[in-house]
>>> print(open('protein-v5.cif').read())   # mmCIF, C-alpha atoms
data_work
#
loop_
_atom_site.label_atom_id
_atom_site.label_comp_id
_atom_site.auth_asym_id
_atom_site.auth_seq_id
_atom_site.Cartn_x
_atom_site.Cartn_y
_atom_site.Cartn_z
CA MET A 1 21.10 -12.17 10.03
CA ASP A 2 21.97 -8.55 9.23
CA ILE A 3 19.28 -6.26 7.83
CA GLU A 4 19.37 -2.61 6.82
CA THR A 5 18.05 0.00 9.20
CA PHE A 6 14.51 0.90 8.14
CA ASP A 7 15.15 4.58 7.39
CA LEU A 8 11.53 5.70 7.15
CA GLU A 9 10.48 4.00 10.38
CA ARG A 10 13.42 5.55 12.20
CA TRP A 11 12.45 8.97 10.83
CA PHE A 12 8.91 8.46 12.11
CA ASP A 13 10.24 7.24 15.45
CA GLU A 14 12.28 10.43 15.78
CA TYR A 15 9.50 12.90 14.93
CA GLU A 16 6.02 11.38 14.70
CA HIS A 17 5.09 11.27 18.39
CA ASP A 18 5.87 14.91 19.17
CA ALA A 19 4.59 16.46 15.94
CA ASP A 20 1.12 17.94 15.58
CA ILE A 21 0.14 16.80 12.08
CA MET A 22 1.15 13.70 10.14
CA LEU A 23 1.41 14.41 6.40
CA ALA A 24 3.55 11.35 5.74
CA GLU A 25 1.03 8.60 6.54
CA SER A 26 0.70 6.39 3.47
CA GLY A 27 -2.87 5.14 3.98
CA ILE A 28 -6.38 6.52 4.13
CA ARG A 29 -7.72 8.01 7.37
CA SER A 30 -8.36 5.42 10.08
CA LEU A 31 -11.87 4.17 10.76
CA ASP A 32 -13.30 4.14 14.26
CA SER A 33 -13.80 0.76 15.95
CA GLY A 34 -17.29 1.81 17.04
CA ARG A 35 -18.72 1.04 13.60
CA PHE A 36 -17.89 -2.66 14.06
CA ASP A 37 -18.95 -5.44 16.40
CA THR A 38 -15.75 -5.93 18.38
CA ASP A 39 -16.77 -8.98 20.43
CA PRO A 40 -15.21 -12.04 18.78
CA GLY A 41 -15.95 -14.34 21.72
CA GLU A 42 -13.27 -16.61 23.10
CA LEU A 43 -9.74 -15.24 22.73
CA GLY A 44 -7.94 -18.37 21.61
CA TYR A 45 -5.81 -18.99 18.57
CA VAL A 46 -7.48 -18.76 15.18
CA ILE A 47 -7.87 -22.36 14.06
CA PRO A 48 -6.77 -23.37 11.46
CA THR A 49 -3.82 -21.08 11.94
CA ASN A 50 -3.81 -19.83 8.33
CA GLY A 51 -7.28 -18.34 8.92
CA ASP A 52 -10.98 -19.11 8.87
CA PRO A 53 -11.64 -21.39 5.85
CA ALA A 54 -14.89 -19.67 4.84
CA LEU A 55 -13.30 -16.20 4.90
CA ARG A 56 -10.21 -17.46 3.10
CA GLU A 57 -12.43 -18.93 0.41
CA GLU A 58 -14.23 -15.62 -0.04
CA VAL A 59 -11.02 -13.55 -0.27
CA ALA A 60 -9.26 -16.12 -2.45
CA GLY A 61 -12.20 -16.04 -4.86
CA ARG A 62 -11.45 -12.40 -5.52
CA HIS A 63 -8.10 -13.57 -6.89
CA ASP A 64 -9.59 -16.50 -8.87
CA ARG A 65 -7.96 -18.85 -6.39
CA SER A 66 -9.10 -21.49 -3.92
CA ARG A 67 -8.97 -21.16 -0.14
CA ASP A 68 -5.91 -23.42 0.01
CA GLU A 69 -4.10 -20.82 -2.09
CA LEU A 70 -4.50 -18.04 0.48
CA ALA A 71 -3.29 -17.48 4.03
CA PHE A 72 -4.08 -14.63 6.38
CA THR A 73 -1.15 -12.72 7.83
CA CYS A 74 -0.28 -9.89 10.20
CA GLY A 75 -0.63 -7.16 7.56
CA ALA A 76 1.00 -7.12 4.15
CA GLN A 77 4.38 -6.63 5.83
CA GLU A 78 4.31 -10.21 7.12
CA ALA A 79 2.82 -11.47 3.86
CA ASN A 80 5.78 -10.08 1.90
CA PHE A 81 8.26 -11.38 4.47
CA LEU A 82 6.76 -14.88 4.25
CA ALA A 83 6.58 -14.80 0.46
CA TYR A 84 10.27 -13.99 0.11
CA HIS A 85 11.25 -16.74 2.54
CA ALA A 86 8.99 -19.21 0.77
CA LEU A 87 10.44 -18.39 -2.64
CA MET A 88 14.13 -17.71 -2.00
CA GLY A 89 16.85 -19.90 -0.62
CA GLU A 90 20.44 -19.03 0.16
CA GLY A 91 22.01 -17.71 -3.02
CA GLY A 92 18.64 -16.83 -4.48
CA HIS A 93 17.94 -13.70 -6.48
CA ALA A 94 15.15 -11.11 -6.51
CA VAL A 95 14.45 -8.31 -8.96
CA VAL A 96 12.64 -5.41 -7.26
CA VAL A 97 11.09 -2.37 -8.90
CA THR A 98 12.12 0.82 -7.06
CA PRO A 99 11.53 3.30 -5.50
CA THR A 100 9.51 1.20 -3.12
CA TYR A 101 8.70 0.41 0.47
CA GLN A 102 12.09 -0.49 1.94
CA ALA A 103 11.04 -3.92 3.20
CA LEU A 104 10.61 -5.05 -0.42
CA THR A 105 14.37 -4.75 -0.94
CA ALA A 106 15.76 -5.22 2.58
CA VAL A 107 14.14 -8.58 3.33
CA PRO A 108 15.30 -10.43 0.19
CA ASP A 109 18.74 -8.88 0.62
CA THR A 110 19.10 -10.87 3.86
CA ILE A 111 18.36 -14.11 1.99
CA GLY A 112 20.16 -13.75 -1.31
CA GLU A 113 20.89 -11.00 -3.82
CA VAL A 114 18.71 -8.14 -5.03
CA THR A 115 18.80 -6.27 -8.33
CA GLU A 116 16.86 -3.02 -8.35
CA VAL A 117 15.11 -1.76 -11.48
CA SER A 118 14.35 1.92 -11.09
CA LEU A 119 11.30 3.80 -12.29
CA GLU A 120 12.51 7.01 -13.89
CA PRO A 121 11.22 10.43 -12.89
CA PRO A 122 9.19 12.42 -13.59
CA GLU A 123 6.69 9.90 -15.03
CA TRP A 124 7.93 6.86 -13.07
CA GLU A 125 6.99 4.57 -15.93
CA LEU A 126 7.78 0.86 -15.56
CA ASP A 127 10.22 -0.38 -18.22
CA VAL A 128 9.43 -4.07 -18.60
CA ASN A 129 12.49 -4.56 -20.80
CA ALA A 130 14.70 -3.32 -17.96
CA VAL A 131 13.16 -5.98 -15.72
CA ARG A 132 13.74 -8.59 -18.42
CA ASP A 133 17.40 -7.59 -18.64
CA ALA A 134 17.79 -7.84 -14.84
CA ILE A 135 16.47 -11.40 -14.59
CA ARG A 136 19.06 -14.15 -14.25
CA PRO A 137 18.77 -17.94 -14.50
CA GLU A 138 18.69 -18.10 -10.69
CA THR A 139 16.03 -15.37 -10.26
CA ASP A 140 13.25 -16.55 -7.95
CA VAL A 141 10.95 -13.54 -7.83
CA VAL A 142 10.19 -10.17 -9.38
CA ALA A 143 8.49 -7.78 -6.92
CA PHE A 144 6.68 -4.48 -7.29
CA VAL A 145 4.04 -2.33 -5.58
CA ASN A 146 1.01 -1.22 -7.59
CA PRO A 147 -0.02 1.58 -7.25
CA ASN A 148 3.54 2.45 -6.39
CA ASN A 149 4.68 3.68 -3.01
CA PRO A 150 5.98 6.43 -2.84
CA THR A 151 5.25 7.87 -6.29
CA GLY A 152 1.58 6.94 -6.68
CA ARG A 153 2.31 5.66 -10.21
CA HIS A 154 -0.41 3.19 -11.28
CA HIS A 155 0.90 0.58 -13.71
CA ASP A 156 -1.92 -0.42 -16.04
CA ALA A 157 -3.21 -3.94 -16.65
CA GLU A 158 -1.35 -4.33 -19.94
CA THR A 159 1.98 -3.47 -18.31
CA VAL A 160 1.36 -5.80 -15.36
CA GLU A 161 0.40 -8.68 -17.66
CA GLU A 162 3.55 -8.11 -19.71
CA LEU A 163 5.60 -8.09 -16.51
CA TYR A 164 3.95 -11.35 -15.45
CA ASP A 165 4.74 -12.98 -18.80
CA VAL A 166 8.40 -11.94 -18.52
CA ALA A 167 8.73 -13.38 -15.01
CA ALA A 168 6.88 -16.60 -15.84
CA ALA A 169 8.96 -17.15 -18.99
CA HIS A 170 12.01 -17.21 -16.72
CA ASP A 171 10.40 -19.55 -14.17
CA ALA A 172 10.23 -16.68 -11.66
CA TYR A 173 7.23 -15.56 -9.61
CA LEU A 174 5.74 -12.10 -9.86
CA LEU A 175 5.00 -10.71 -6.40
CA GLY A 176 2.55 -7.82 -6.43
CA ASP A 177 2.09 -5.81 -3.26
CA GLU A 178 -1.46 -4.54 -3.80
CA VAL A 179 -2.24 -2.68 -0.58
CA TYR A 180 -3.31 0.43 -2.57
CA ARG A 181 -5.04 -1.43 -5.43
CA LEU A 182 -8.61 -0.68 -4.38
CA LEU A 183 -7.95 3.05 -4.11
CA ALA A 184 -7.64 3.14 -7.91
CA GLU A 185 -10.75 4.07 -9.90
CA ASN A 186 -10.05 1.18 -12.27
CA PRO A 187 -7.98 -1.37 -10.34
CA THR A 188 -5.84 -3.79 -12.29
CA PRO A 189 -6.65 -7.49 -11.82
CA PRO A 190 -4.87 -9.07 -8.83
CA VAL A 191 -1.48 -10.48 -9.80
CA ALA A 192 -2.48 -13.85 -8.30
CA SER A 193 -5.28 -14.07 -10.86
CA LEU A 194 -2.86 -13.93 -13.81
CA GLY A 195 -1.56 -17.49 -13.55
CA ASP A 196 0.51 -20.01 -11.62
CA TYR A 197 3.43 -17.60 -11.19
CA GLY A 198 1.35 -14.75 -9.76
CA ILE A 199 1.41 -13.83 -6.07
CA SER A 200 -0.69 -11.10 -4.46
CA THR A 201 -0.12 -9.62 -1.03
CA SER A 202 -2.51 -7.12 0.49
CA SER A 203 -4.18 -5.98 3.69
CA LEU A 204 -6.95 -3.88 5.17
CA SER A 205 -4.46 -1.19 6.19
CA LYS A 206 -4.21 1.21 3.27
CA SER A 207 -7.33 1.03 1.09
CA TYR A 208 -9.72 0.31 3.98
CA GLY A 209 -8.28 2.53 6.72
CA LEU A 210 -7.83 -0.33 9.18
CA ALA A 211 -4.08 -0.38 9.78
CA GLY A 212 -4.52 -1.15 13.47
CA LEU A 213 -6.11 -4.52 12.69
CA ARG A 214 -2.78 -5.78 11.31
CA PHE A 215 -4.77 -8.03 8.99
CA GLY A 216 -3.50 -9.05 5.56
CA TRP A 217 -3.06 -11.99 3.23
CA LEU A 218 -0.83 -13.80 0.79
CA CYS A 219 -2.40 -15.44 -2.25
CA GLY A 220 -0.74 -17.62 -4.87
CA SER A 221 -0.03 -21.22 -5.77
CA GLN A 222 -0.67 -23.73 -3.00
CA ALA A 223 3.00 -24.75 -2.94
CA VAL A 224 4.07 -21.16 -2.22
CA VAL A 225 1.32 -20.61 0.35
CA ASP A 226 2.13 -23.88 2.11
CA ALA A 227 5.81 -22.93 2.29
CA ALA A 228 4.88 -19.48 3.61
CA VAL A 229 2.68 -21.00 6.31
CA GLU A 230 5.61 -23.13 7.46
CA TRP A 231 7.55 -19.89 7.99
CA LYS A 232 4.52 -18.34 9.67
CA ASP A 233 4.73 -21.03 12.35
CA TYR A 234 7.86 -19.17 13.48
CA THR A 235 6.45 -15.62 13.21
CA THR A 236 2.86 -14.94 14.30
CA ILE A 237 1.48 -18.51 14.10
CA SER A 238 -2.08 -17.31 13.36
CA PRO A 239 -3.92 -14.10 12.52
CA GLY A 240 -5.38 -12.25 15.48
CA VAL A 241 -8.90 -13.07 16.63
CA PHE A 242 -9.99 -9.41 16.70
CA GLY A 243 -8.50 -8.70 13.29
CA GLN A 244 -10.22 -11.61 11.61
CA HIS A 245 -13.53 -10.82 13.32
CA VAL A 246 -13.54 -7.20 12.12
CA ALA A 247 -12.18 -8.22 8.70
CA ARG A 248 -15.32 -10.32 8.11
CA GLN A 249 -17.38 -7.17 8.54
CA ALA A 250 -15.10 -4.86 6.54
CA LEU A 251 -14.97 -7.33 3.67
CA GLY A 252 -18.67 -8.08 4.01
CA GLU A 253 -21.69 -5.85 4.38
CA GLN A 254 -19.65 -2.70 5.17
CA GLU A 255 -17.20 -2.96 2.29
CA ASP A 256 -19.02 -0.92 -0.35
CA GLU A 257 -19.68 1.92 2.10
CA ILE A 258 -16.09 1.93 3.36
CA LEU A 259 -14.49 1.99 -0.09
CA ALA A 260 -16.91 4.60 -1.46
CA ALA A 261 -16.19 6.93 1.46
CA ASN A 262 -12.45 6.37 1.15
CA HIS A 263 -12.52 7.16 -2.58
CA GLU A 264 -14.36 10.38 -1.78
CA VAL A 265 -11.75 11.40 0.80
CA ALA A 266 -8.88 10.52 -1.55
CA ALA A 267 -10.35 12.45 -4.50
CA ARG A 268 -11.19 15.55 -2.46
CA ASN A 269 -7.81 15.66 -0.78
CA HIS A 270 -5.95 14.96 -4.01
CA ASP A 271 -7.40 18.09 -5.56
CA ILE A 272 -6.52 20.17 -2.49
CA VAL A 273 -2.89 19.05 -2.66
CA ALA A 274 -2.72 19.57 -6.44
CA ASP A 275 -3.86 23.17 -6.04
CA TRP A 276 -1.40 23.70 -3.18
CA LEU A 277 1.48 22.40 -5.31
CA ASP A 278 0.55 24.79 -8.12
CA GLU A 279 0.48 27.65 -5.64
CA HIS A 280 4.06 26.91 -4.54
CA GLY A 281 5.55 25.84 -7.88
CA LEU A 282 6.14 22.24 -6.82
CA ASP A 283 5.66 19.18 -9.05
CA TRP A 284 4.58 15.55 -8.78
CA HIS A 285 3.47 12.74 -11.04
CA ASP A 286 -0.30 12.88 -10.61
CA PRO A 287 -0.76 9.95 -8.22
CA THR A 288 -3.27 7.16 -7.80
CA GLY A 289 -4.11 6.48 -4.17
CA VAL A 290 -3.12 8.78 -1.31
CA ASN A 291 0.66 9.20 -1.74
CA GLY A 292 2.49 11.71 -3.87
CA PHE A 293 6.22 12.16 -4.50
CA VAL A 294 6.86 15.90 -4.64
CA THR A 295 9.90 17.88 -5.75
CA VAL A 296 11.86 19.49 -2.91
CA PRO A 297 11.83 23.33 -3.03
CA ASP A 298 14.93 24.70 -4.74
CA GLU A 299 16.22 26.58 -1.70
CA TYR A 300 16.83 23.36 0.24
CA ALA A 301 19.88 21.13 -0.19
CA GLY A 302 17.82 17.95 -0.09
CA SER A 303 14.78 16.15 1.23
CA ARG A 304 15.99 15.59 4.76
CA GLU A 305 16.94 19.23 5.27
CA PHE A 306 13.52 20.32 3.99
CA CYS A 307 11.50 17.77 5.97
CA ARG A 308 13.48 18.43 9.16
CA THR A 309 12.85 22.17 8.79
CA VAL A 310 9.12 21.56 8.32
CA VAL A 311 8.74 19.28 11.32
CA GLU A 312 10.90 21.37 13.65
CA ASP A 313 9.45 24.75 12.63
CA ALA A 314 5.85 23.78 11.87
CA GLY A 315 5.19 20.48 13.68
CA VAL A 316 4.27 18.70 10.44
CA VAL A 317 5.80 15.34 9.45
CA LEU A 318 6.67 14.72 5.79
CA ALA A 319 8.69 11.76 4.50
CA PRO A 320 12.16 12.51 3.10
CA GLY A 321 12.70 11.13 -0.36
CA ASP A 322 16.17 9.92 0.55
CA CYS A 323 14.43 7.18 2.56
CA PHE A 324 13.44 5.87 -0.88
CA GLY A 325 16.70 6.71 -2.64
CA TYR A 326 15.58 10.05 -4.14
CA ASP A 327 16.89 13.02 -2.18
CA ASP A 328 15.26 15.66 -4.42
CA TYR A 329 11.72 14.46 -3.59
CA PHE A 330 9.58 14.11 -0.49
CA ARG A 331 6.52 11.94 0.06
CA ILE A 332 3.27 13.52 1.11
CA GLY A 333 0.34 11.44 2.30
CA PHE A 334 -3.07 13.01 1.80
CA GLY A 335 -5.44 10.33 3.06
CA LEU A 336 -5.96 11.99 6.44
CA PRO A 337 -9.14 13.91 7.40
CA THR A 338 -9.51 16.98 5.18
CA ASP A 339 -9.46 19.51 8.01
CA GLU A 340 -6.14 18.11 9.21
CA LEU A 341 -4.77 18.18 5.66
CA ASP A 342 -5.77 21.83 5.27
CA ALA A 343 -4.13 22.73 8.58
CA GLY A 344 -0.95 20.85 7.73
CA LEU A 345 -0.60 22.41 4.29
CA GLU A 346 -1.09 25.88 5.73
CA ARG A 347 1.73 25.25 8.19
CA VAL A 348 4.05 24.04 5.42
CA SER A 349 3.07 27.12 3.38
CA ALA A 350 4.22 29.31 6.28
CA VAL A 351 7.61 27.59 6.18
CA LEU A 352 7.86 28.11 2.42
CA ARG A 353 6.94 31.79 2.75
CA ALA A 354 9.40 32.44 5.58
#
>>> encode(input="protein-v5.cif", output="structure tokens")
Amino acid sequence: MDIETFDLERWFDEYEHDADIMLAESGIRSLDSGRFDTDPGELGYVIPTNGDPALREEVAGRHDRSRDELAFTCGAQEANFLAYHALMGEGGHAVVVTPTYQALTAVPDTIGEVTEVSLEPPEWELDVNAVRDAIRPETDVVAFVNPNNPTGRHHDAETVEELYDVAAAHDAYLLGDEVYRLLAENPTPPVASLGDYGISTSSLSKSYGLAGLRFGWLCGSQAVVDAAVEWKDYTTISPGVFGQHVARQALGEQEDEILAANHEVAARNHDIVADWLDEHGLDWHDPTGVNGFVTVPDEYAGSREFCRTVVEDAGVVLAPGDCFGYDDYFRIGFGLPTDELDAGLERVSAVLRA
């Protein structure tokens, strides 16, 4: 099986470890393990291997689904990987809304064929008719991220429901990657709650600040979940004991406090970045969540030249837009602690003033 090189991960691998400040991280600042009980007891496999039934029932209920319609995974990355393999066979077809996280296009491309439907700058609005036109008789799945990564565009409930209806009318599933959903002030309903053809994938990584848990889930019809679990037998087998143990706490009594604090960080940092962009004459579509897609300064030939200059001269990592197919933009992540954000922006300002 051949798969495309993951451009963004290779960029991070080249620069992240030696840089001083990470302004390309796509999630909220990480929580400290000390706030949780981290003693799960015996370190065996999680049994059943699709996750604790009581916790699955609780999370599935948030999607108006039963526990048999949800499986826990190693982050949303594995959830999306399993969903594609459950839905697509050789010669299958996926329609993917772009720009997006590269795995959403690269994984189905190894199985069958992918048609990309692009959001158009500067508003990055989703054209449901363009998705309708891209669907074929053999289309298995339509996939999108909401709020979008990298643009931060939040597609409203009416648009998502229309997208679901288009997919379902063509006997195709709608796969919604919802890792940023709970960072929105008014989150859209989970895609899995919309009907039999809805599939939601998510995790505790982005909205909760718990990326190191590697804890996520896939929710949808039991037939899809069962097929995904059969693939999971060949990937991670079960979720991790530590991840599930902490997830009970993060999704339980600590959830309201965690999400409230994360919304506060996101709102405060959003305003700091917005003011900084105005100061330097740069533009973005006002994002939901903690990612923004910003225009590259005019004096640079493209995103990689600009981002390489910033990291080599100032020790600050930004994400080149060409990793997402848009060389005149770069992604900035502003979910990190505010003092680090301030320091990073000041360093980038020094590069822009040089």
>>> closest_residue(input="protein-v5.cif", among="A:Lys232, A:Arg304, A:Arg214, A:His285", to="Cys74 of chain A", atoms="all atoms listed in the file")
A:Arg214
>>> atom_distance(input="protein-v5.cif", atom1="atom CA of Ala60 of chain A", atom2="atom CA of Phe72 of chain A")
10.3 Å
>>> residues_near_point(input="protein-v5.cif", point="(-20.5, -8.2, 6.2)", cutoff="12 Å", atoms="all atoms listed in the file", output="PyMOL selection string")
chain A and resi 35-37+55+58+245-258
>>> closest_residue(input="protein-v5.cif", among="A:Ile111, A:Ala223, A:Asp165, A:Val241", to="Asp39 of chain A", atoms="all atoms listed in the file")
A:Val241
>>> closest_residue(input="protein-v5.cif", among="A:Asp313, A:Asp7, A:Glu264, A:Glu113", to="Gly335 of chain A", atoms="all atoms listed in the file")
A:Glu264
>>> atom_distance(input="protein-v5.cif", atom1="atom CA of Thr236 of chain A", atom2="atom CA of Tyr45 of chain A")
10.5 Å
>>> atom_distance(input="protein-v5.cif", atom1="atom CA of Thr5 of chain A", atom2="atom CA of Ala19 of chain A")
22.3 Å
>>> resolve_selection(input="protein-v5.cif", expression="the PyMOL selection byres ((chain A and resi 26-34) around 9)", output="PyMOL selection string")
chain A and resi 23-25+35-38+149-150+180+205-212+246+258+262+265-266+289-291+331-337
>>> resolve_selection(input="protein-v5.cif", expression="the PyMOL selection byres ((chain A and resi 161) around 12)", output="list in words")
Val128, His155, Asp156, Ala157, Glu158, Thr159, Val160, Glu162, Leu163, Tyr164, Asp165, Val166, Ala167, Ala168, Leu174, Gly176, Thr188, Pro189, Pro190, Val191, Ala192, Ser193, Leu194, Gly195, Tyr197 and Gly198 of chain A
>>> closest_residue(input="protein-v5.cif", among="A:Glu9, A:Glu42, A:Gly92, A:Gly51", to="Ser238 of chain A", atoms="only C-alpha atoms")
A:Gly51
>>> closest_residue(input="protein-v5.cif", among="A:Trp124, A:Asp328, A:Asp278, A:Val317", to="Asp13 of chain A", atoms="all atoms listed in the file")
A:Val317
>>> closest_residue(input="protein-v5.cif", among="A:Val296, A:Val348, A:Ala86, A:Ala130", to="Phe330 of chain A", atoms="all atoms listed in the file")
A:Val296
>>> residues_around(input="protein-v5.cif", residues="Leu119 of chain A", least_positions_apart="5", cutoff="7 Å", atoms="all atoms listed in the file", output="count of residues only")
5
>>> residues_around(input="protein-v5.cif", residues="segment 75-83 of chain A", least_positions_apart="2", cutoff="10 Å", atoms="only C-alpha atoms", output="PyMOL selection string")
chain A and resi 71-73+85-88+101+103-104+106-108+141+143+175-179+199-206+211-220+224-225+227-232+235-236+239+243
>>> residues_around(input="protein-v5.cif", residues="Glu185 of chain A", least_positions_apart="4", cutoff="10 Å", atoms="only C-alpha atoms", output="list in words")
Arg181, His263, Ala267, Thr288 and Gly289 of chain A
>>> residues_around(input="protein-v5.cif", residues="Asp52 of chain A", least_positions_apart="5", cutoff="9 Å", atoms="all atoms listed in the file", output="count of residues only")
5
>>> residues_around(input="protein-v5.cif", residues="Gly91 of chain A", least_positions_apart="2", cutoff="7 Å", atoms="all atoms listed in the file", output="number ranges by chain")
A: 89, 93, 112-113
>>> build_atoms(input="protein-v5.cif", residues="segment 128-148 of chain A", atoms="N, CA and C atoms", output="compact mmCIF listing (two decimals), in the coordinates of the input")
# COMPACT_ATOMS: atom_id res chain seq x y z
N VAL A 128 9.44 -2.61 -18.72
CA VAL A 128 9.43 -4.07 -18.60
C VAL A 128 10.70 -4.67 -19.18
N ASN A 129 11.25 -4.04 -20.22
CA ASN A 129 12.49 -4.56 -20.80
C ASN A 129 13.65 -4.46 -19.82
N ALA A 130 13.64 -3.43 -18.98
CA ALA A 130 14.70 -3.32 -17.96
C ALA A 130 14.58 -4.46 -16.94
N VAL A 131 13.36 -4.83 -16.61
CA VAL A 131 13.16 -5.98 -15.72
C VAL A 131 13.64 -7.25 -16.40
N ARG A 132 13.31 -7.41 -17.67
CA ARG A 132 13.74 -8.59 -18.42
C ARG A 132 15.26 -8.70 -18.41
N ASP A 133 15.94 -7.58 -18.61
CA ASP A 133 17.40 -7.59 -18.64
C ASP A 133 18.00 -7.91 -17.27
N ALA A 134 17.27 -7.62 -16.19
CA ALA A 134 17.79 -7.84 -14.84
C ALA A 134 17.62 -9.28 -14.37
N ILE A 135 16.73 -10.02 -15.01
CA ILE A 135 16.47 -11.40 -14.59
C ILE A 135 17.64 -12.30 -14.97
N ARG A 136 17.98 -13.19 -14.05
CA ARG A 136 19.06 -14.15 -14.25
C ARG A 136 18.48 -15.57 -14.23
N PRO A 137 19.26 -16.56 -14.59
CA PRO A 137 18.77 -17.94 -14.50
C PRO A 137 18.35 -18.33 -13.09
N GLU A 138 19.00 -17.74 -12.07
CA GLU A 138 18.69 -18.10 -10.69
C GLU A 138 17.63 -17.20 -10.06
N THR A 139 17.03 -16.29 -10.82
CA THR A 139 16.03 -15.37 -10.26
C THR A 139 14.81 -16.14 -9.79
N ASP A 140 14.42 -15.89 -8.55
CA ASP A 140 13.25 -16.55 -7.95
C ASP A 140 11.98 -15.72 -8.06
N VAL A 141 12.13 -14.39 -7.96
CA VAL A 141 10.95 -13.54 -7.83
C VAL A 141 11.23 -12.14 -8.37
N VAL A 142 10.22 -11.58 -8.99
CA VAL A 142 10.19 -10.17 -9.38
C VAL A 142 9.11 -9.52 -8.52
N ALA A 143 9.42 -8.39 -7.87
CA ALA A 143 8.49 -7.78 -6.92
C ALA A 143 8.25 -6.32 -7.26
N PHE A 144 7.02 -5.89 -7.08
CA PHE A 144 6.68 -4.48 -7.29
C PHE A 144 5.44 -4.14 -6.49
N VAL A 145 5.22 -2.84 -6.27
CA VAL A 145 4.04 -2.33 -5.58
C VAL A 145 3.19 -1.59 -6.60
N ASN A 146 1.89 -1.86 -6.63
CA ASN A 146 1.01 -1.22 -7.59
C ASN A 146 -0.35 -0.94 -6.97
N PRO A 147 -0.75 0.36 -6.92
CA PRO A 147 -0.02 1.58 -7.25
C PRO A 147 1.24 1.72 -6.40
N ASN A 148 2.21 2.39 -7.01
CA ASN A 148 3.54 2.45 -6.39
C ASN A 148 3.56 3.32 -5.15
